[in-house]
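Enquirer: mmCIF, C-alpha atoms and all ligand atoms, file entry-v9.cif:
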```cif
data_start
loop_
_atom_site.label_atom_id
_atom_site.label_comp_id
_atom_site.auth_asym_id
_atom_site.auth_seq_id
_atom_site.Cartn_x
_atom_site.Cartn_y
_atom_site.Cartn_z
CA MET A 24 72.34 118.07 -31.03
CA LEU A 25 69.69 119.74 -33.12
CA GLY A 26 71.06 123.20 -32.51
CA GLY A 27 68.80 124.25 -29.66
CA GLY A 28 65.52 122.56 -30.46
CA ILE A 29 63.40 120.89 -33.09
CA VAL A 30 62.80 123.20 -36.06
CA SER A 31 59.25 122.90 -37.36
CA GLY A 32 59.07 121.51 -40.85
CA SER A 33 62.56 120.06 -40.66
CA ALA A 34 63.36 116.55 -41.80
CA ILE A 35 65.73 114.64 -39.55
CA LEU A 36 67.24 111.33 -40.50
CA VAL A 37 68.31 109.06 -37.67
CA GLY A 38 70.54 106.32 -39.03
CA GLY A 39 72.30 103.41 -37.38
CA ASP A 40 72.82 99.67 -37.25
CA PRO A 41 69.78 97.51 -36.51
CA GLY A 42 69.37 97.02 -32.78
CA ILE A 43 71.51 99.96 -31.76
CA GLY A 44 68.64 101.87 -30.15
CA LYS A 45 67.09 104.19 -32.74
CA SER A 46 63.53 103.25 -31.87
CA THR A 47 64.29 103.58 -28.18
CA LEU A 48 65.80 107.03 -28.63
CA LEU A 49 62.89 108.32 -30.67
CA LEU A 50 60.24 106.73 -28.50
CA GLU A 51 61.74 108.38 -25.43
CA THR A 52 62.02 111.73 -27.21
CA MET A 53 58.44 111.54 -28.45
CA GLY A 54 57.29 110.44 -25.02
CA LYS A 55 58.74 113.63 -23.56
CA LEU A 56 57.04 115.79 -26.19
CA ALA A 57 53.76 113.98 -25.61
CA LYS A 58 53.99 114.45 -21.86
CA ALA A 59 54.57 118.15 -22.45
CA GLY A 60 51.15 118.19 -24.11
CA GLU A 61 52.08 117.89 -27.79
CA LYS A 62 50.27 115.38 -29.97
CA VAL A 63 52.86 113.21 -31.68
CA LEU A 64 52.49 110.45 -34.24
CA TYR A 65 54.76 107.43 -34.21
CA ILE A 66 54.40 105.29 -37.32
CA THR A 67 55.95 101.88 -37.15
CA GLY A 68 56.46 99.26 -39.79
CA GLU A 69 58.83 97.24 -37.67
CA GLU A 70 56.91 96.35 -34.57
CA SER A 71 53.27 95.94 -33.60
CA PRO A 72 51.55 98.78 -31.72
CA LYS A 73 51.32 96.37 -28.78
CA GLN A 74 55.08 95.91 -28.71
CA ILE A 75 55.60 99.66 -28.94
CA LYS A 76 53.09 100.25 -26.20
CA MET A 77 54.84 97.80 -23.89
CA ARG A 78 58.13 99.41 -24.62
CA ALA A 79 56.74 102.90 -24.10
CA GLU A 80 55.41 101.83 -20.73
CA ARG A 81 58.77 100.46 -19.71
CA LEU A 82 60.45 103.66 -20.86
CA ASP A 83 57.85 105.69 -19.01
CA ALA A 84 57.02 107.33 -22.33
CA SER A 85 53.38 106.35 -22.76
CA SER A 86 50.86 109.14 -22.86
CA GLU A 87 47.52 109.70 -24.51
CA ASN A 88 49.24 112.25 -26.75
CA LEU A 89 51.60 109.62 -28.13
CA LEU A 90 49.74 108.00 -31.02
CA VAL A 91 51.23 104.82 -32.40
CA TYR A 92 50.18 103.50 -35.82
CA ALA A 93 51.40 100.34 -37.46
CA GLU A 94 51.33 101.19 -41.14
CA ILE A 95 53.61 100.74 -44.12
CA ASN A 96 51.43 102.04 -46.93
CA LEU A 97 52.53 105.54 -47.91
CA GLU A 98 49.09 106.77 -48.98
CA ARG A 99 47.55 105.75 -45.68
CA ILE A 100 50.44 107.24 -43.71
CA LEU A 101 50.06 110.58 -45.49
CA GLU A 102 46.31 110.48 -44.91
CA SER A 103 46.71 109.92 -41.18
CA ILE A 104 49.26 112.73 -40.94
CA ARG A 105 46.86 115.13 -42.65
CA LYS A 106 43.97 114.03 -40.48
CA ILE A 107 45.74 113.98 -37.11
CA LYS A 108 47.89 117.08 -37.66
CA PRO A 109 50.51 115.99 -35.12
CA LYS A 110 53.21 118.28 -33.71
CA ALA A 111 55.92 115.75 -34.63
CA ILE A 112 56.11 112.61 -36.75
CA VAL A 113 58.36 109.56 -36.56
CA ILE A 114 58.60 107.07 -39.40
CA ASP A 115 60.20 103.87 -38.09
CA SER A 116 61.66 102.90 -40.46
CA ILE A 117 61.72 104.52 -43.89
CA GLN A 118 62.81 101.16 -45.28
CA THR A 119 59.47 99.57 -44.46
CA VAL A 120 57.31 102.23 -46.13
CA TYR A 121 56.13 101.58 -49.66
CA ALA A 122 54.33 103.56 -52.35
CA GLN A 123 51.73 101.50 -54.21
CA ASN A 124 52.38 103.13 -57.56
CA LEU A 125 55.97 101.87 -57.67
CA GLU A 126 56.69 98.30 -58.56
CA SER A 127 59.93 97.86 -56.69
CA ALA A 128 60.04 96.30 -53.24
CA PRO A 129 59.99 98.29 -49.98
CA GLY A 130 63.55 99.19 -49.03
CA SER A 131 64.74 99.62 -52.61
CA VAL A 132 66.39 102.87 -53.66
CA SER A 133 63.43 104.05 -55.72
CA GLN A 134 60.95 103.29 -52.94
CA ILE A 135 63.03 105.06 -50.31
CA ARG A 136 63.49 108.13 -52.52
CA GLU A 137 59.85 108.39 -53.44
CA THR A 138 58.37 107.70 -50.01
CA ALA A 139 60.83 110.00 -48.24
CA TYR A 140 60.16 112.72 -50.80
CA GLN A 141 56.40 112.54 -50.29
CA LEU A 142 56.72 112.46 -46.52
CA ILE A 143 59.13 115.40 -46.43
CA LEU A 144 56.90 117.39 -48.78
CA THR A 145 53.86 116.80 -46.60
CA ALA A 146 55.72 117.56 -43.37
CA LYS A 147 57.15 120.79 -44.81
CA SER A 148 53.79 121.96 -46.09
CA MET A 149 52.27 121.32 -42.65
CA GLU A 150 55.33 122.70 -40.85
CA VAL A 151 55.70 119.55 -38.77
CA PRO A 152 59.09 118.11 -37.90
CA LEU A 153 59.65 114.68 -39.38
CA PHE A 154 62.03 112.05 -38.01
CA LEU A 155 62.97 109.28 -40.41
CA VAL A 156 64.61 106.18 -39.00
CA GLY A 157 66.98 104.49 -41.44
CA HIS A 158 68.83 101.24 -40.91
CA VAL A 159 72.38 101.01 -42.07
CA THR A 160 73.01 97.70 -43.72
CA LYS A 161 76.40 96.30 -44.48
CA ASP A 162 75.45 93.85 -47.19
CA GLY A 163 73.52 96.51 -49.13
CA SER A 164 70.47 94.27 -49.62
CA ILE A 165 68.26 97.21 -48.73
CA ALA A 166 69.18 100.78 -49.55
CA GLY A 167 70.77 102.62 -46.66
CA PRO A 168 70.24 106.12 -45.30
CA LYS A 169 72.96 107.45 -47.65
CA VAL A 170 70.33 107.78 -50.36
CA LEU A 171 68.46 110.22 -48.14
CA GLU A 172 71.26 112.38 -46.81
CA HIS A 173 70.87 115.12 -49.42
CA MET A 174 67.07 115.20 -49.07
CA VAL A 175 66.88 115.92 -45.36
CA ASP A 176 67.96 118.92 -43.25
CA THR A 177 69.74 117.00 -40.54
CA VAL A 178 71.47 113.65 -40.46
CA LEU A 179 72.16 112.03 -37.12
CA TYR A 180 73.93 108.72 -36.74
CA PHE A 181 73.47 106.58 -33.68
CA GLU A 182 76.58 104.51 -33.10
CA GLY A 183 77.97 102.11 -30.60
CA ASP A 184 79.13 98.61 -30.10
CA LYS A 185 76.29 96.23 -29.32
CA GLY A 186 78.44 94.45 -26.77
CA HIS A 187 78.80 97.67 -24.79
CA PRO A 188 76.14 99.90 -23.28
CA PHE A 189 77.33 103.29 -24.46
CA ARG A 190 75.95 104.99 -27.57
CA LEU A 191 77.09 108.06 -29.45
CA LEU A 192 74.75 110.29 -31.40
CA ARG A 193 76.62 112.26 -34.03
CA ALA A 194 75.42 114.93 -36.41
CA VAL A 195 76.82 114.36 -39.89
CA LYS A 196 74.86 117.17 -41.46
CA ASN A 197 72.87 119.90 -39.79
CA ARG A 198 71.24 122.81 -41.53
CA TYR A 199 70.23 124.37 -38.20
CA GLY A 200 73.14 123.78 -35.87
CA SER A 201 76.69 122.64 -35.41
CA VAL A 202 77.87 119.24 -36.58
CA MET A 203 80.47 119.29 -33.84
CA GLU A 204 78.11 118.26 -31.08
CA ILE A 205 77.78 114.68 -29.95
CA GLY A 206 75.42 113.08 -27.49
CA VAL A 207 76.64 110.28 -25.27
CA PHE A 208 74.11 107.84 -23.86
CA GLU A 209 74.09 104.64 -21.92
CA MET A 210 71.59 101.90 -22.78
CA LYS A 211 70.02 100.74 -19.54
CA ASP A 212 67.12 98.48 -18.60
CA MET A 213 64.87 101.50 -18.51
CA GLY A 214 66.04 102.95 -21.78
CA LEU A 215 68.68 105.48 -22.70
CA GLU A 216 70.26 107.72 -20.16
CA GLU A 217 72.41 110.69 -21.00
CA VAL A 218 75.98 110.35 -19.83
CA SER A 219 77.22 113.64 -18.50
CA ASN A 220 80.73 112.40 -17.84
CA PRO A 221 81.72 110.02 -20.65
CA SER A 222 85.38 109.78 -19.63
CA ALA A 223 84.43 108.38 -16.24
CA LEU A 224 82.30 105.76 -18.01
CA PHE A 225 85.11 104.66 -20.30
CA LEU A 226 87.67 104.51 -17.52
CA ALA A 227 85.44 102.80 -14.97
CA GLU A 228 86.94 99.33 -15.26
CA ARG A 229 90.53 100.23 -15.90
CA PRO A 230 93.10 97.98 -14.28
CA GLU A 231 95.63 100.16 -12.48
CA ASN A 232 99.32 99.47 -12.81
CA ALA A 233 98.83 96.93 -15.57
CA SER A 234 101.48 97.13 -18.25
CA GLY A 235 100.05 98.00 -21.67
CA SER A 236 97.23 100.10 -20.24
CA VAL A 237 97.44 103.77 -21.22
CA VAL A 238 94.87 106.55 -21.04
CA VAL A 239 94.59 108.74 -24.14
CA SER A 240 92.43 111.71 -24.98
CA SER A 241 90.28 111.62 -28.08
CA LEU A 242 88.20 114.51 -29.28
CA GLU A 243 84.66 113.42 -30.15
CA GLY A 244 82.85 116.39 -31.61
CA THR A 245 83.76 119.19 -29.26
CA ARG A 246 84.33 116.91 -26.28
CA PRO A 247 87.61 115.41 -25.22
CA ILE A 248 86.93 111.90 -23.99
CA LEU A 249 89.50 109.98 -22.01
CA VAL A 250 89.77 106.35 -23.03
CA GLU A 251 92.02 103.46 -22.24
CA ILE A 252 94.16 101.68 -24.82
CA GLN A 253 95.40 98.22 -23.96
CA SER A 254 97.95 96.02 -25.60
CA LEU A 255 99.54 92.64 -25.28
CA VAL A 256 102.91 91.99 -26.86
CA CYS A 257 104.07 88.38 -26.82
CA PRO A 258 106.71 86.42 -28.70
CA THR A 259 105.57 84.97 -32.01
CA VAL A 260 105.46 81.22 -31.71
CA PHE A 261 105.14 80.31 -35.32
CA GLY A 262 105.42 82.10 -38.66
CA MET A 263 104.54 85.72 -39.28
CA PRO A 264 104.06 88.00 -36.29
CA ARG A 265 100.41 88.84 -35.79
CA ARG A 266 98.99 92.34 -35.51
CA THR A 267 95.45 92.34 -34.24
CA VAL A 268 93.85 95.71 -33.62
CA VAL A 269 90.37 96.60 -32.39
CA GLY A 270 89.08 100.17 -32.35
CA ILE A 271 91.90 101.87 -34.26
CA GLU A 272 92.82 101.60 -37.92
CA ALA A 273 95.29 98.72 -38.22
CA ALA A 274 97.51 100.48 -40.77
CA ARG A 275 98.01 103.34 -38.34
CA VAL A 276 99.18 100.94 -35.65
CA SER A 277 101.60 99.24 -38.09
CA VAL A 278 103.19 102.60 -38.84
CA LEU A 279 103.63 103.29 -35.12
CA VAL A 280 105.13 99.85 -34.54
CA ALA A 281 107.66 100.61 -37.29
CA VAL A 282 108.56 103.87 -35.57
CA LEU A 283 109.14 102.00 -32.30
CA GLU A 284 111.41 99.52 -34.07
CA LYS A 285 113.44 102.02 -35.99
CA LYS A 286 113.61 104.97 -33.59
CA ILE A 287 113.62 103.25 -30.23
CA GLY A 288 115.22 100.01 -31.32
CA MET A 289 112.52 97.70 -29.99
CA ASN A 290 112.61 94.34 -31.67
CA LEU A 291 108.93 93.90 -32.41
CA SER A 292 109.28 91.86 -35.58
CA SER A 293 109.43 88.71 -33.49
CA GLN A 294 106.40 89.71 -31.41
CA ASP A 295 102.66 89.30 -31.83
CA ILE A 296 100.88 92.52 -30.99
CA PHE A 297 97.26 92.73 -29.86
CA LEU A 298 95.84 96.16 -29.26
CA LYS A 299 92.37 97.31 -28.36
CA VAL A 300 90.45 100.33 -27.28
CA ALA A 301 88.62 99.50 -24.07
CA GLY A 302 84.86 100.11 -24.02
CA GLY A 303 84.37 99.48 -27.74
CA LEU A 304 84.95 103.06 -28.86
CA LYS A 305 86.49 103.68 -32.28
CA LEU A 306 89.34 106.18 -32.25
CA GLU A 307 90.19 107.96 -35.46
CA GLU A 308 92.21 110.92 -34.31
CA PRO A 309 95.98 111.15 -34.85
CA ALA A 310 96.20 112.47 -31.28
CA VAL A 311 96.02 108.90 -29.99
CA ASP A 312 99.31 107.94 -31.74
CA LEU A 313 101.52 108.59 -28.75
CA GLY A 314 99.18 106.61 -26.52
CA VAL A 315 99.38 103.61 -28.88
CA ILE A 316 103.17 103.81 -28.81
CA ALA A 317 103.21 104.10 -25.01
CA SER A 318 100.85 101.15 -24.66
CA ILE A 319 102.88 98.82 -26.88
CA ALA A 320 106.18 99.92 -25.33
CA SER A 321 104.75 99.47 -21.85
CA ASN A 322 103.61 95.91 -22.41
CA TYR A 323 106.74 94.95 -24.37
CA GLN A 324 108.95 96.09 -21.50
CA ASP A 325 106.44 94.94 -18.91
CA LYS A 326 106.58 98.33 -17.23
CA PRO A 327 103.26 99.97 -16.35
CA VAL A 328 102.67 103.61 -17.19
CA ASN A 329 101.76 105.66 -14.14
CA PRO A 330 97.95 105.27 -13.93
CA LYS A 331 97.47 108.98 -13.21
CA THR A 332 99.00 109.89 -16.58
CA VAL A 333 97.23 110.87 -19.80
CA VAL A 334 99.20 110.64 -23.04
CA PHE A 335 98.40 112.29 -26.36
CA GLY A 336 100.10 113.59 -29.51
CA GLU A 337 100.50 112.77 -33.17
CA VAL A 338 103.62 110.79 -34.07
CA GLY A 339 105.47 111.31 -37.37
CA LEU A 340 107.65 108.84 -39.23
CA ALA A 341 110.83 110.48 -37.99
CA GLY A 342 109.73 109.73 -34.45
CA GLU A 343 108.77 113.33 -33.80
CA VAL A 344 105.75 114.20 -31.66
CA ARG A 345 103.55 116.73 -33.41
CA GLY A 346 101.13 119.23 -31.98
CA ILE A 347 97.42 118.47 -32.08
CA ASN A 348 94.30 120.60 -31.75
CA GLN A 349 92.41 121.49 -28.59
CA ALA A 350 95.22 120.46 -26.27
CA GLU A 351 94.04 122.77 -23.52
CA LEU A 352 90.56 121.28 -23.52
CA ARG A 353 92.06 117.82 -23.17
CA VAL A 354 94.30 118.86 -20.34
CA LYS A 355 91.35 120.37 -18.51
CA GLU A 356 89.35 117.17 -18.91
CA ALA A 357 92.28 115.20 -17.49
CA ALA A 358 92.55 117.60 -14.55
CA SER A 359 88.85 117.37 -13.81
CA LEU A 360 89.07 113.58 -13.61
CA GLY A 361 91.89 113.66 -11.13
CA PHE A 362 94.79 112.83 -13.42
CA GLU A 363 98.14 114.13 -12.25
CA ARG A 364 100.24 114.15 -15.37
CA CYS A 365 99.78 114.88 -19.08
CA VAL A 366 102.45 113.87 -21.55
CA LEU A 367 101.75 115.87 -24.70
CA PRO A 368 103.46 117.52 -27.68
CA LYS A 369 105.98 120.16 -26.62
CA ASP A 370 104.40 122.58 -29.06
CA ASN A 371 101.08 122.34 -27.25
CA ALA A 372 102.68 122.37 -23.81
CA LYS A 373 104.38 125.72 -24.50
CA LYS A 374 101.09 127.35 -25.35
CA ILE A 375 99.13 125.92 -22.46
CA ARG A 376 101.68 126.76 -19.77
CA SER A 377 100.63 129.66 -17.62
CA PRO A 378 102.65 132.85 -18.28
CA ARG A 379 104.36 132.56 -14.89
CA SER A 380 106.11 129.30 -15.62
CA ALA A 381 106.61 129.86 -19.35
CA GLY A 382 110.12 129.57 -20.68
CA SER A 383 111.30 127.40 -17.84
CA GLY A 384 111.89 124.20 -19.77
CA VAL A 385 109.42 121.54 -20.76
CA ARG A 386 107.66 120.96 -17.48
CA GLY A 387 105.03 123.04 -15.78
CA ARG A 388 101.81 122.91 -13.86
CA ILE A 389 98.48 124.02 -15.23
CA THR A 390 96.57 123.47 -12.03
CA GLN A 391 97.59 122.70 -8.50
CA ASN A 392 97.52 119.00 -9.17
CA LEU A 393 98.27 118.48 -12.84
CA GLU A 394 101.77 118.45 -14.22
CA ILE A 395 102.16 118.91 -17.96
CA ILE A 396 105.18 117.48 -19.68
CA GLY A 397 105.91 118.51 -23.26
CA VAL A 398 107.83 116.06 -25.45
CA SER A 399 109.10 116.57 -28.98
CA SER A 400 110.03 112.99 -29.83
CA VAL A 401 109.03 109.44 -29.05
CA LYS A 402 112.44 109.02 -27.43
CA GLU A 403 111.72 111.85 -25.00
CA ALA A 404 108.28 110.41 -24.28
CA MET A 405 109.84 107.03 -23.44
CA ASP A 406 112.26 108.71 -21.02
CA VAL A 407 109.42 110.49 -19.28
CA LEU A 408 107.08 107.49 -19.14
CA PHE A 409 109.41 104.65 -18.17
P1 LIG B 1 66.01 99.42 -30.57
O1 LIG B 1 65.64 100.79 -30.15
O2 LIG B 1 64.90 98.49 -30.88
O3 LIG B 1 67.02 99.44 -31.80
P2 LIG B 1 66.80 99.90 -33.33
O4 LIG B 1 65.50 100.60 -33.40
O5 LIG B 1 67.98 100.77 -33.63
O6 LIG B 1 66.84 98.66 -34.14
O7 LIG B 1 66.93 98.85 -29.40
C1 LIG B 1 67.23 97.53 -29.42
C2 LIG B 1 68.09 97.10 -28.27
O8 LIG B 1 68.11 97.95 -27.14
C3 LIG B 1 67.58 95.78 -27.82
O9 LIG B 1 68.59 94.81 -28.08
C4 LIG B 1 67.32 95.90 -26.38
C5 LIG B 1 67.96 97.17 -25.97
N1 LIG B 1 67.16 97.91 -24.98
C6 LIG B 1 67.61 98.03 -23.69
O10 LIG B 1 68.68 97.54 -23.33
N2 LIG B 1 66.87 98.74 -22.80
C7 LIG B 1 65.67 99.29 -23.13
O11 LIG B 1 65.03 99.92 -22.27
C8 LIG B 1 65.21 99.14 -24.47
C9 LIG B 1 63.91 99.72 -24.90
C10 LIG B 1 65.98 98.45 -25.36
MG MG B 2 63.77 99.88 -34.34
#
```
Take the structure from the file and write it as structure tokens.
Ligand code: TYD
Ligand code: MG

Expert:
Amino acid sequence: MLGGGIVSGSAILVGGDPGIGKSTLLLETMGKLAKAGEKVLYITGEESPKQIKMRAERLDASSENLLVYAEINLERILESIRKIKPKAIVIDSIQTVYAQNLESAPGSVSQIRETAYQLILTAKSMEVPLFLVGHVTKDGSIAGPKVLEHMVDTVLYFEGDKGHPFRLLRAVKNRYGSVMEIGVFEMKDMGLEEVSNPSALFLAERPENASGSVVVSSLEGTRPILVEIQSLVCPTVFGMPRRTVVGIEAARVSVLVAVLEKKIGMNLSSQDIFLKVAGGLKLEEPAVDLGVIASIASNYQDKPVNPKTVVFGEVGLAGEVRGINQAELRVKEAASLGFERCVLPKDNAKKIRSPRSAGSGVRGRITQNLEIIGVSSVKEAMDVLF
């Protein structure tokens, strides 16, 4: 995520919702550095050293090289950094630190700017990497990490749904590496564990042969992740039909419902539609369009989509299926998870097809076990799927 290692003197902001696991992530990381013999300083304004110690023990991160200080006064923090000369510093969180010479409260924009500036300056002059934890707040009562983004070298956001165990670490800005990388973790009793096969995690509880359940491929950073979309379509009992969507932008789903009505002739205006992305992931890519359409159509007709099928492609207003990026990567991910069929844009299918079978229509095989089916319209996709 950091582009191959921690650059000395770099300032790294780790942002995220309260309770998502920022402290856990950094404590584990620092624990590993400490065990490797580096003296690291963990400054906390959120928890007592005792709490941190207990947590470090549970995470198997405690070490005599991991120094934990509970301190919120900037002057004293800077003093301890200069005295201890650690190999890495964590400030958890920047919103709790305050500079005495400013009158505003800790967490205010001016406090965050000033304290972060002083900390970054000190860390740079000592060539020590500095991790700043920043809470994201929705109500804006305390200033969020946005204020700091331009001051630091790297901005990482830790995301996830608190009701689900998986967490994504995304780089939003990185002066020393790619912003395309993501880290996928699972929050367990013993801390965070890296997930080497995220698709398997998201598909673990999928009901097979249930109508409305469709597997799509969404590119997160450079990784294609397979996820399940589910929908329920039921007759509207009273008043306006409801459209309730979780995990995808609702407006996008409305557009796709309109395409189904107009191009396929499904009468959805008398139906309530509930759609959600299983596992709590948020999908933002247009490539999931065709999967949304397939899911709604499947539940409306009460016909399951073959569970060994992955569906992806952008859908236009004319009902056309448009090519998307990194189709080959997605197909490979599907193959590696044992899927047997990919329904994807014809444009992409043509390019992926091995030279031997090229030009022989829309169907072909990329591997022994995976059939790829190119479609150019929603109509064609419906014919293939149902
Ligand atoms: P935390 O790192 O304190 O979040 P943040 O610093 O972003 O506010 O993580 C809080 C949640 O993580 C808490 O609800 C409990 C959970 N958790 C585990 O499930 N397993 C663990 O080993 C740890 C340390 C925390
Ligand atoms: Mg915390």

Enquirer: Which residues are near A:Pro230? Cut-off 10 Å, all atoms listed in the file, ignore same chain within fewer than 5 positions. Put them as a PyMOL selection string.

Expert: chain A and resi 236+251+253+330

Enquirer: Could you give me the residues within 7 Å of ligand MG 2 (chain B), counting only C-alpha atoms and all ligand atoms, as a PyMOL selection string?

Expert: chain A and resi 41-42+44-46+69+115

Enquirer: Save the residues we just selected, C-alpha atoms, as a CSV table (one decimal), keeping the file's coordinate frame?

Expert:
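Contents of result00.csv, freshly written:
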```csv
chain,number,residue,atom,x,y,z
A,41,PRO,CA,69.8,97.5,-36.5
A,42,GLY,CA,69.4,97.0,-32.8
A,44,GLY,CA,68.6,101.9,-30.2
A,45,LYS,CA,67.1,104.2,-32.7
A,46,SER,CA,63.5,103.2,-31.9
A,69,GLU,CA,58.8,97.2,-37.7
A,115,ASP,CA,60.2,103.9,-38.1
```

Enquirer: Need the shell around A:Leu171: protein/DNA/RNA residues with any atom at most 8 Å away, counting only C-alpha atoms. Skip same-chain ones fewer than 2 positions apart. Format as a PyMOL selection string?

Expert: chain A and resi 36+135-136+139+168-169+173-175

Enquirer: What does the structure give for the distance between atom CA of A:Ala320 and atom CA of A:Met263, in Å to one decimal?

Expert: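 One can read the atom CA of A:Ala320 to atom CA of A:Met263 distance as 20.0 Å.
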
Enquirer: Name all residues at most 9 Å from A:Ala146 (count all atoms listed in the file; drop same-chain ones fewer than 2 positions away) and give them as a PyMOL selection string.

Expert: chain A and resi 31-34+104+111-112+141-144+148-153

Enquirer: So, with only C-alpha atoms as the atoms that count, which of A:Asp295, A:Glu231, A:Asn392, A:Arg265 lies closest to A:Pro327?

Expert: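 Result for the nearest residue to A:Pro327: A:Glu231.
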
Enquirer: Just checking: using all atoms listed in the file, which residue out of A:Val113, A:Val268, A:Leu25, A:Val366 ends up closest to ligand LIG 1 (chain B)?

Expert: A:Val113

Enquirer: Could you name the residues that touch A:Gly361 at 12 Å or less, counting only C-alpha atoms, but leaving out those on the same chain fewer than 6 positions away, as a ChimeraX atom specification?

Expert: /A:222-223,226,249,330-333,354-355,390-394

Enquirer: Within 9 Å of (100.3, 93.5, -22.0) (coordinates as in the file), grab all the protein and nucleic acid residues, counting all atoms listed in the file, and write them out as a list in words.

Expert: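 Applying the cut-off with all atoms listed in the file, one gets Ala233, Ser234, Gly235, Ser236, Gln253, Ser254, Leu255, Val256, Cys257, Phe297, Leu298, Ser318, Ile319, Ser321, Asn322, Tyr323 and Asp325 of chain A.
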
Enquirer: Distance atom O2 of ligand LIG 1 (chain B)-atom CA of A:Glu272, one decimal place?

Expert: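 So the answer is 29.0 Å.
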
Enquirer: Need the shell around A:Leu89: protein/DNA/RNA residues with any atom at most 12 Å away, counting only C-alpha atoms. Skip same-chain ones fewer than 3 positions apart. Format as an mmCIF file with C-alpha atoms, in the frame of the given file?

Expert:
```cif
data_model
loop_
_atom_site.group_PDB
_atom_site.id
_atom_site.type_symbol
_atom_site.label_atom_id
_atom_site.label_comp_id
_atom_site.auth_asym_id
_atom_site.auth_seq_id
_atom_site.Cartn_x
_atom_site.Cartn_y
_atom_site.Cartn_z
ATOM 1 C CA LEU A 49 62.890 108.320 -30.670
ATOM 2 C CA LEU A 50 60.240 106.730 -28.500
ATOM 3 C CA GLU A 51 61.740 108.380 -25.430
ATOM 4 C CA THR A 52 62.020 111.730 -27.210
ATOM 5 C CA MET A 53 58.440 111.540 -28.450
ATOM 6 C CA GLY A 54 57.290 110.440 -25.020
ATOM 7 C CA LYS A 55 58.740 113.630 -23.560
ATOM 8 C CA LEU A 56 57.040 115.790 -26.190
ATOM 9 C CA ALA A 57 53.760 113.980 -25.610
ATOM 10 C CA LYS A 58 53.990 114.450 -21.860
ATOM 11 C CA ALA A 59 54.570 118.150 -22.450
ATOM 12 C CA GLY A 60 51.150 118.190 -24.110
ATOM 13 C CA GLU A 61 52.080 117.890 -27.790
ATOM 14 C CA LYS A 62 50.270 115.380 -29.970
ATOM 15 C CA VAL A 63 52.860 113.210 -31.680
ATOM 16 C CA LEU A 64 52.490 110.450 -34.240
ATOM 17 C CA TYR A 65 54.760 107.430 -34.210
ATOM 18 C CA ILE A 66 54.400 105.290 -37.320
ATOM 19 C CA PRO A 72 51.550 98.780 -31.720
ATOM 20 C CA ILE A 75 55.600 99.660 -28.940
ATOM 21 C CA LYS A 76 53.090 100.250 -26.200
ATOM 22 C CA ALA A 79 56.740 102.900 -24.100
ATOM 23 C CA GLU A 80 55.410 101.830 -20.730
ATOM 24 C CA ASP A 83 57.850 105.690 -19.010
ATOM 25 C CA ALA A 84 57.020 107.330 -22.330
ATOM 26 C CA SER A 85 53.380 106.350 -22.760
ATOM 27 C CA SER A 86 50.860 109.140 -22.860
ATOM 28 C CA TYR A 92 50.180 103.500 -35.820
ATOM 29 C CA ILE A 107 45.740 113.980 -37.110
ATOM 30 C CA PRO A 109 50.510 115.990 -35.120
ATOM 31 C CA LYS A 110 53.210 118.280 -33.710
ATOM 32 C CA ALA A 111 55.920 115.750 -34.630
ATOM 33 C CA ILE A 112 56.110 112.610 -36.750
ATOM 34 C CA VAL A 113 58.360 109.560 -36.560
#
```

Enquirer: Please compute the atom CA of A:Val315-atom CA of A:Leu408 distance, one decimal, in Å.

Expert: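 Those two atoms sit 13.0 Å apart.
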
Enquirer: I need the residue nearest A:Thr138 from this list: A:Thr177, A:Ser103, A:Asn96, A:Asn197. Use all atoms listed in the file for the distance.

Expert: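 Of A:Thr177, A:Ser103, A:Asn96, A:Asn197, the one nearest A:Thr138 is A:Asn96, counting all atoms listed in the file.
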
Enquirer: Ranking A:Ser71, A:Ser116, A:Gln324, A:Ser292 by minimum distance to ligand LIG 1 (chain B) and counting all atoms listed in the file, which one comes first?

Expert: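 Going through A:Ser71, A:Ser116, A:Gln324, A:Ser292 one by one, the smallest distance to ligand LIG 1 (chain B) is for A:Ser116.
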
Enquirer: Mind listing the residues within 7 Å of ligand LIG 1 (chain B), all atoms listed in the file counted, as a list of chain:residue names?

Expert: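 Sorted by chain and then by number, the residues are A:Gly39, A:Asp40, A:Pro41, A:Gly42, A:Ile43, A:Gly44, A:Lys45, A:Ser46, A:Thr47, A:Leu48, A:Arg78, A:Arg81, A:Leu82, A:Met210, A:Lys211, A:Asp212, A:Met213, A:Gly214, A:Leu215.
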
Enquirer: Just need the box for stretch 309-325 of chain A, edges along x, y and z, holding every atom the file lists for it with 3 Å tacked onto each side, so centre and edge lengths in Å to one decimal, as JSON.

Expert:
```
{"center_x": 102.5, "center_y": 103.7, "center_z": -26.9, "size_x": 19.0, "size_y": 23.5, "size_z": 21.9}
```

Enquirer: Go through A:Val156, A:Leu242, A:Leu306, A:Pro258 and flag the residue nearest A:Ile347, using only C-alpha atoms for the distances.

Expert: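 Closest residue, counting only C-alpha atoms: A:Leu242.
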
Enquirer: With only C-alpha atoms as the atoms that count, which of A:Gly27, A:Gly157, A:Gly68, A:Gly186 lies nearest to A:Tyr121?

Expert: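 Going through A:Gly27, A:Gly157, A:Gly68, A:Gly186 one by one, the smallest distance to A:Tyr121 is for A:Gly68.
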